[in-house]
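A.B. asks: Quick one, upload_28.csv (CSV, C-alpha atoms):
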```
chain,number,residue,atom,x,y,z
A,1,MET,CA,-76.6,21.8,-32.1
A,2,THR,CA,-74.0,24.4,-31.8
A,3,ARG,CA,-73.6,23.9,-28.0
A,4,THR,CA,-73.2,20.1,-28.5
A,5,SER,CA,-70.5,20.6,-31.1
A,6,ARG,CA,-68.5,22.7,-28.7
A,7,LYS,CA,-68.6,20.2,-26.0
A,8,GLY,CA,-67.4,17.4,-28.2
A,9,HIS,CA,-64.5,19.6,-29.4
A,10,HIS,CA,-63.5,20.4,-25.9
A,11,ARG,CA,-63.3,16.7,-24.8
A,12,SER,CA,-61.2,15.8,-27.8
A,13,LYS,CA,-58.6,18.5,-27.0
A,14,LYS,CA,-58.3,17.5,-23.4
A,15,LYS,CA,-57.7,13.9,-24.4
A,16,ARG,CA,-54.9,14.9,-26.7
A,17,ILE,CA,-53.2,16.8,-23.8
A,18,VAL,CA,-53.3,13.7,-21.6
A,19,MET,CA,-51.7,11.6,-24.3
A,20,ALA,CA,-48.9,14.1,-24.8
A,21,MET,CA,-48.0,14.1,-21.1
A,22,ALA,CA,-47.9,10.3,-20.8
A,23,PRO,CA,-44.3,9.9,-22.2
A,24,VAL,CA,-43.0,12.7,-19.8
A,25,ALA,CA,-44.4,10.8,-16.8
A,26,ALA,CA,-42.7,7.6,-18.0
A,27,ILE,CA,-39.3,9.4,-18.2
A,28,ALA,CA,-39.8,10.8,-14.7
A,29,VAL,CA,-40.2,7.2,-13.4
A,30,ALA,CA,-37.2,5.9,-15.4
A,31,VAL,CA,-34.7,8.4,-14.1
A,32,PRO,CA,-34.9,7.4,-10.5
A,33,LEU,CA,-34.7,3.8,-11.4
A,34,MET,CA,-31.5,4.3,-13.4
A,35,ASN,CA,-30.0,6.4,-10.6
A,36,GLN,CA,-30.6,3.7,-8.1
A,37,ALA,CA,-28.0,1.5,-9.9
A,38,GLY,CA,-25.4,4.3,-9.1
A,39,ALA,CA,-21.8,4.5,-10.2
A,40,ALA,CA,-19.3,2.6,-8.1
A,41,THR,CA,-17.5,4.9,-5.7
A,42,PRO,CA,-13.7,4.8,-5.2
A,43,SER,CA,-14.3,3.0,-1.8
A,44,GLU,CA,-16.5,0.5,-3.5
A,45,VAL,CA,-13.9,-0.1,-6.2
A,46,THR,CA,-11.3,-0.7,-3.6
A,47,ARG,CA,-13.5,-3.1,-1.6
A,48,ASP,CA,-14.6,-5.0,-4.7
A,49,CYS,CA,-11.0,-5.4,-5.9
A,50,ALA,CA,-9.7,-6.4,-2.5
A,51,GLN,CA,-12.5,-9.0,-2.2
A,52,ASN,CA,-12.1,-10.2,-5.7
A,53,SER,CA,-15.8,-9.6,-6.2
A,54,PRO,CA,-17.8,-11.8,-8.6
A,55,LYS,CA,-19.2,-8.5,-10.0
A,56,LEU,CA,-15.8,-7.7,-11.5
A,57,GLU,CA,-14.6,-8.7,-15.0
A,58,ASN,CA,-11.2,-7.5,-14.1
A,59,CYS,CA,-9.3,-5.3,-11.6
A,60,GLU,CA,-5.8,-4.0,-12.1
A,61,PHE,CA,-3.2,-1.7,-10.7
A,62,VAL,CA,-2.1,1.0,-13.2
A,63,ASP,CA,1.3,2.4,-12.5
A,64,VAL,CA,2.0,6.1,-13.1
A,65,GLN,CA,5.4,6.7,-11.5
A,66,PHE,CA,8.1,4.9,-9.6
A,67,LYS,CA,11.1,5.5,-7.4
A,68,ARG,CA,14.0,3.0,-6.8
A,69,ASP,CA,16.2,2.6,-3.7
A,70,ASN,CA,13.5,4.0,-1.4
A,71,LEU,CA,14.4,3.2,2.2
A,72,GLY,CA,11.6,1.7,4.3
A,73,PRO,CA,10.8,2.1,8.0
A,74,ASN,CA,13.6,1.9,10.6
A,75,GLN,CA,13.3,-1.3,12.5
A,76,ARG,CA,15.1,-2.7,15.5
A,77,VAL,CA,16.1,-6.3,14.5
A,78,SER,CA,17.9,-7.6,17.6
A,79,THR,CA,17.4,-7.5,21.4
A,80,ILE,CA,19.0,-4.8,23.4
A,81,THR,CA,22.3,-5.5,25.2
A,82,ASP,CA,22.8,-3.5,28.4
A,83,ASN,CA,26.3,-2.3,29.2
A,84,CYS,CA,25.2,0.5,31.5
A,85,GLY,CA,27.5,1.4,34.4
A,86,SER,CA,30.5,-0.4,32.8
A,87,THR,CA,33.8,1.4,32.0
A,88,SER,CA,34.8,-1.3,29.5
A,89,ALA,CA,33.5,-2.2,26.1
A,90,LEU,CA,31.5,-5.4,25.8
A,91,SER,CA,31.9,-7.9,23.0
A,92,LYS,CA,28.5,-9.4,22.4
A,93,SER,CA,27.0,-12.0,20.0
A,94,PHE,CA,23.7,-10.6,18.6
A,95,SER,CA,21.0,-12.6,16.9
A,96,VAL,CA,19.8,-10.5,14.0
A,97,SER,CA,16.7,-11.2,12.0
A,98,ALA,CA,14.4,-9.4,9.6
A,99,SER,CA,11.8,-10.2,7.0
A,100,VAL,CA,10.6,-8.2,4.0
A,101,THR,CA,7.5,-8.6,1.8
A,102,ARG,CA,5.6,-6.7,-0.9
A,103,SER,CA,3.3,-4.1,0.8
A,104,ILE,CA,0.5,-1.9,-0.4
A,105,THR,CA,-0.6,1.5,0.9
A,106,LEU,CA,-4.3,2.0,0.3
A,107,GLU,CA,-7.2,1.9,2.8
A,108,ASP,CA,-7.0,0.5,6.3
A,109,GLY,CA,-7.2,-3.3,6.4
A,110,PHE,CA,-6.6,-3.6,2.6
A,111,THR,CA,-5.2,-6.9,1.4
A,112,ALA,CA,-5.1,-8.6,-2.0
A,113,SER,CA,-4.5,-12.3,-2.1
A,114,ALA,CA,-2.1,-13.7,-4.7
A,115,ASP,CA,-4.9,-15.6,-6.5
A,116,SER,CA,-7.1,-12.5,-6.9
A,117,LYS,CA,-7.2,-10.4,-10.1
A,118,LEU,CA,-5.6,-7.5,-8.3
A,119,GLY,CA,-2.9,-9.7,-6.7
A,120,ASN,CA,-1.9,-11.0,-10.1
A,121,SER,CA,-1.8,-7.4,-11.4
A,122,PHE,CA,0.6,-6.4,-8.6
A,123,PHE,CA,2.8,-9.4,-9.5
A,124,GLU,CA,2.8,-8.5,-13.2
A,125,ILE,CA,3.6,-4.8,-12.5
A,126,GLY,CA,6.5,-5.9,-10.4
A,127,ALA,CA,7.9,-7.8,-13.4
A,128,LYS,CA,7.9,-4.5,-15.4
A,129,PHE,CA,10.3,-2.9,-12.9
A,130,ASN,CA,12.5,-6.0,-12.4
A,131,THR,CA,15.9,-5.6,-14.0
A,132,THR,CA,19.1,-7.5,-14.2
A,133,GLU,CA,20.6,-5.1,-11.7
A,134,ILE,CA,17.6,-4.9,-9.3
A,135,ASN,CA,15.6,-8.0,-8.5
A,136,LEU,CA,12.3,-7.3,-6.8
A,137,LYS,CA,10.3,-9.4,-4.4
A,138,ARG,CA,7.0,-9.4,-6.3
A,139,ASP,CA,4.6,-11.7,-4.4
A,140,ASP,CA,3.1,-11.3,-0.9
A,141,THR,CA,5.3,-14.0,0.8
A,142,GLY,CA,8.1,-13.0,3.0
A,143,THR,CA,11.9,-13.4,2.7
A,144,GLY,CA,14.6,-12.3,5.0
A,145,PHE,CA,17.7,-13.1,7.0
A,146,ASP,CA,18.4,-14.6,10.4
A,147,PHE,CA,22.0,-14.8,11.6
A,148,SER,CA,24.4,-14.1,14.5
A,149,ARG,CA,27.3,-11.8,14.6
A,150,THR,CA,29.6,-10.5,17.3
A,151,ASP,CA,30.0,-6.7,17.7
A,152,THR,CA,31.0,-4.2,20.4
A,153,VAL,CA,28.8,-2.3,22.8
A,154,LYS,CA,30.5,0.8,24.1
A,155,PRO,CA,31.1,1.5,27.8
A,156,ASN,CA,28.0,2.8,29.6
A,157,HIS,CA,25.8,2.3,26.5
A,158,ILE,CA,23.1,0.0,25.3
A,159,GLY,CA,23.6,-1.7,21.9
A,160,PHE,CA,21.3,-3.2,19.3
A,161,PHE,CA,20.9,-3.6,15.5
A,162,MET,CA,18.7,-1.5,13.2
A,163,TRP,CA,17.5,-2.3,9.7
A,164,SER,CA,15.8,-0.3,6.9
A,165,GLU,CA,14.9,-2.3,3.7
A,166,LYS,CA,15.6,-0.9,0.3
A,167,ARG,CA,12.5,-1.0,-2.0
A,168,THR,CA,11.0,0.2,-5.3
A,169,ASP,CA,8.0,2.4,-4.7
A,170,VAL,CA,5.5,2.2,-7.6
A,171,SER,CA,2.5,4.5,-7.3
A,172,GLY,CA,-0.7,4.7,-9.4
A,173,PHE,CA,-4.4,3.9,-9.1
A,174,LEU,CA,-6.9,1.0,-9.4
A,175,LYS,CA,-8.9,0.3,-12.5
A,176,ALA,CA,-12.0,-1.9,-12.1
A,177,THR,CA,-14.0,-3.3,-15.0
A,178,TYR,CA,-17.4,-4.5,-14.0
A,179,LYS,CA,-19.4,-7.2,-15.8
A,180,ASP,CA,-22.6,-5.1,-15.8
A,181,GLU,CA,-23.0,-1.5,-16.5
A,182,GLN,CA,-23.4,0.9,-13.6
A,183,ASP,CA,-24.9,4.3,-14.5
A,184,GLY,CA,-24.1,3.7,-18.1
A,185,GLN,CA,-20.5,2.6,-17.8
A,186,LYS,CA,-18.4,-0.4,-16.8
A,187,VAL,CA,-15.0,1.0,-15.9
A,188,PHE,CA,-14.4,2.9,-12.6
A,189,PHE,CA,-11.3,4.0,-10.8
A,190,SER,CA,-9.9,4.4,-7.2
A,191,PRO,CA,-9.2,7.0,-6.1
A,192,SER,CA,-9.3,8.5,-9.6
A,193,GLU,CA,-7.8,8.0,-13.1
A,194,GLY,CA,-4.2,9.2,-13.2
A,195,ALA,CA,-3.8,9.4,-9.4
A,196,THR,CA,-0.6,8.4,-7.7
A,197,THR,CA,-1.9,7.7,-4.2
A,198,VAL,CA,-1.9,3.9,-4.3
A,199,HIS,CA,1.6,2.8,-3.4
A,200,VAL,CA,3.0,-0.7,-3.9
A,201,PHE,CA,6.4,-1.2,-2.3
A,202,TYR,CA,8.5,-4.0,-3.8
A,203,PRO,CA,11.5,-5.0,-1.7
A,204,GLN,CA,14.8,-5.1,-3.6
A,205,LEU,CA,16.9,-8.2,-3.3
A,206,LEU,CA,20.6,-8.9,-3.7
A,207,LYS,CA,21.7,-11.4,-6.3
A,208,ASN,CA,22.0,-14.1,-3.6
A,209,GLY,CA,18.3,-13.5,-2.7
A,210,THR,CA,19.0,-11.6,0.6
A,211,PRO,CA,17.0,-8.4,1.1
A,212,ASP,CA,18.9,-5.2,0.1
A,213,GLY,CA,18.9,-2.3,2.6
A,214,ARG,CA,20.8,-0.7,5.4
A,215,LEU,CA,21.9,-2.6,8.5
A,216,TRP,CA,23.6,-0.9,11.3
A,217,LEU,CA,24.8,-1.3,14.9
A,218,ARG,CA,23.4,1.4,17.2
A,219,ASN,CA,25.0,2.4,20.6
A,220,VAL,CA,22.9,4.7,22.8
A,221,GLU,CA,24.4,6.3,25.9
A,222,CYS,CA,22.9,5.1,29.2
A,223,GLY,CA,20.9,7.6,31.3
A,224,THR,CA,19.7,9.6,28.3
A,225,PRO,CA,16.0,9.9,27.3
A,226,GLN,CA,16.7,7.8,24.2
A,227,ALA,CA,18.2,4.9,26.3
A,228,ASN,CA,15.5,5.1,29.0
A,229,GLY,CA,12.8,5.0,26.4
A,230,LEU,CA,14.3,1.9,24.8
A,231,GLN,CA,14.9,0.1,28.1
A,232,ASN,CA,11.3,0.8,29.2
A,233,SER,CA,9.9,-0.5,25.9
A,234,GLU,CA,11.0,-4.0,27.0
A,235,ASN,CA,12.1,-4.9,23.5
A,236,SER,CA,8.7,-4.1,21.9
A,237,SER,CA,8.6,-2.5,18.5
A,238,ARG,CA,8.6,1.3,18.4
A,239,ALA,CA,9.5,4.1,16.0
A,240,GLU,CA,13.2,4.8,15.8
A,241,PRO,CA,15.3,7.5,14.0
A,242,GLY,CA,17.1,6.6,10.8
A,243,PHE,CA,20.8,6.0,10.3
A,244,GLY,CA,22.9,8.9,11.7
A,245,GLN,CA,19.8,10.8,12.9
A,246,GLY,CA,19.7,9.7,16.5
A,247,GLY,CA,21.5,12.8,17.9
A,248,ALA,CA,24.6,13.4,20.0
A,249,ASN,CA,24.0,10.5,22.4
A,250,VAL,CA,23.7,7.9,19.6
A,251,THR,CA,26.5,6.2,17.6
A,252,ASP,CA,25.6,4.3,14.4
A,253,VAL,CA,28.0,2.0,12.5
A,254,GLU,CA,26.8,0.6,9.2
A,255,ILE,CA,27.3,-3.1,8.4
A,256,PRO,CA,28.1,-3.8,4.7
A,257,VAL,CA,25.3,-5.8,3.0
A,258,THR,CA,28.0,-8.2,1.8
A,259,GLU,CA,28.4,-9.3,5.4
A,260,ILE,CA,24.7,-10.4,5.6
A,261,PRO,CA,24.6,-14.2,5.0
A,262,ALA,CA,22.5,-15.4,2.1
A,263,ALA,CA,19.0,-16.5,3.1
```
Could you render the structure as structure tokens?

C.D. replies:
Amino acid sequence: MTRTSRKGHHRSKKKRIVMAMAPVAAIAVAVPLMNQAGAATPSEVTRDCAQNSPKLENCEFVDVQFKRDNLGPNQRVSTITDNCGSTSALSKSFSVSASVTRSITLEDGFTASADSKLGNSFFEIGAKFNTTEINLKRDDTGTGFDFSRTDTVKPNHIGFFMWSEKRTDVSGFLKATYKDEQDGQKVFFSPSEGATTVHVFYPQLLKNGTPDGRLWLRNVECGTPQANGLQNSENSSRAEPGFGQGGANVTDVEIPVTEIPAA
């Protein structure tokens, strides 16, 4: 009888141990399942915002800091006139044209259509920095100028026009709110909350609607490396030094923006 009693007691204790471990096993299974959902990475946030993903409740650009009157890239905006070998100045009619648009610095290939949540956010942020003195081009359509003017190419020089747009640089980060929770939360950022690595460049416009910036006539002495490089480029786009930064063989003359015809 005593032996039988001990066996019964042993089986009961073992059963209790199994029952106690069961919830632990359930938790171990639940953790991997929850982790599979995963938090949205910064790259995924960028992609979802750019594609206006249906997973999103909202996506917005959050501004942190800004800088006005920031000059953009230096662009050649006319063909090159060759006056090499001549001992006389050449009066030449130049066709000058340039276009500006709102641009975004983020990941390669990034775009945000005007009808997307993020595109609308960029437009609204632009309104925040629009003033009576500085009018910003807030949407993603282009505006510019296209006109002709006569200027002088120096003897034994090549001549052309250069342009650098004036813009307001607003920097910040992306904030995405998802419809469903991911890893216990709905709000994620790219690249991170408080970052200033997302740049939105808003072109500044004059009161007549013409882009504001710096326009100048550049003369480059023939036979120099600068002139040879330009002539060999066959009028294709290439990086150029800014105003007054071309060196001893380059002469820059600024054209007042008041002489740029209204668009």

A.B. asks: In Å, with one decimal, what is the gap from atom CA of A:Ser91 to atom CA of A:Pro73?

C.D. replies: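 It comes out at 27.8 Å.
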
A.B. asks: Give the answer as one residue: which of A:Phe243, A:Lys55, A:Val250, A:Phe61 has the shortest atom-to-atom distance to A:Ser192, using only C-alpha atoms?

C.D. replies: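 Of all the options, A:Phe61 lies closest to A:Ser192.
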
A.B. asks: Of the residues A:Pro261, A:Gly172, A:Gly119, A:Gly142, which is the one nearest to A:Val64, using only C-alpha atoms?

C.D. replies: A:Gly172

A.B. asks: Have a look at atom CA of A:Met162 and atom CA of A:Phe123 and let me know their distance in Å, one decimal.

C.D. replies: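 Result for atom CA of A:Met162 versus atom CA of A:Phe123: 28.8 Å, one decimal.
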
A.B. asks: Provide the atom CA of A:Gly246 to atom CA of A:Arg218 distance in Å, to one decimal place.

C.D. replies: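 Atom CA of A:Arg218 lies at a distance of 9.1 Å from atom CA of A:Gly246.
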
A.B. asks: Find the residues around A:Lys175 up to 10 Å (only C-alpha atoms counted), leave out those fewer than 2 positions away in its own chain, and share them as JSON, numbers by chain.

C.D. replies: {"A": [42, 45, 46, 49, 58, 59, 60, 61, 62, 118, 172, 173, 177, 178, 187, 188, 189, 190, 191, 192, 193]}

A.B. asks: Nearest to A:Asp48 among A:Ala176, A:Ser88, A:Gly72, A:Ser97, with distances taken over only C-alpha atoms: which residue is it?

C.D. replies: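 For A:Asp48, the nearest of the given residues is A:Ala176.
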
A.B. asks: In terms of the shortest atom-to-atom distance over only C-alpha atoms, which of A:Thr79, A:Gln245, A:Asn130, A:Gln51 is closest to A:Arg167?

C.D. replies: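 The answer is A:Asn130, which sits nearest to A:Arg167.
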
A.B. asks: Using only C-alpha atoms, which of the listed residues (A:Glu259, A:Glu221, A:Glu44, A:Glu181) sits closest to A:Val153?

C.D. replies: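 With only C-alpha atoms as the atom set, the closest residue is A:Glu221.
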
A.B. asks: Pick out the closest residue to A:Glu124 from this set: A:Tyr202, A:Phe145, A:Leu56, A:Thr41. Count only C-alpha atoms.

C.D. replies: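 The shortest atom-to-atom distance to A:Glu124 comes from A:Tyr202.
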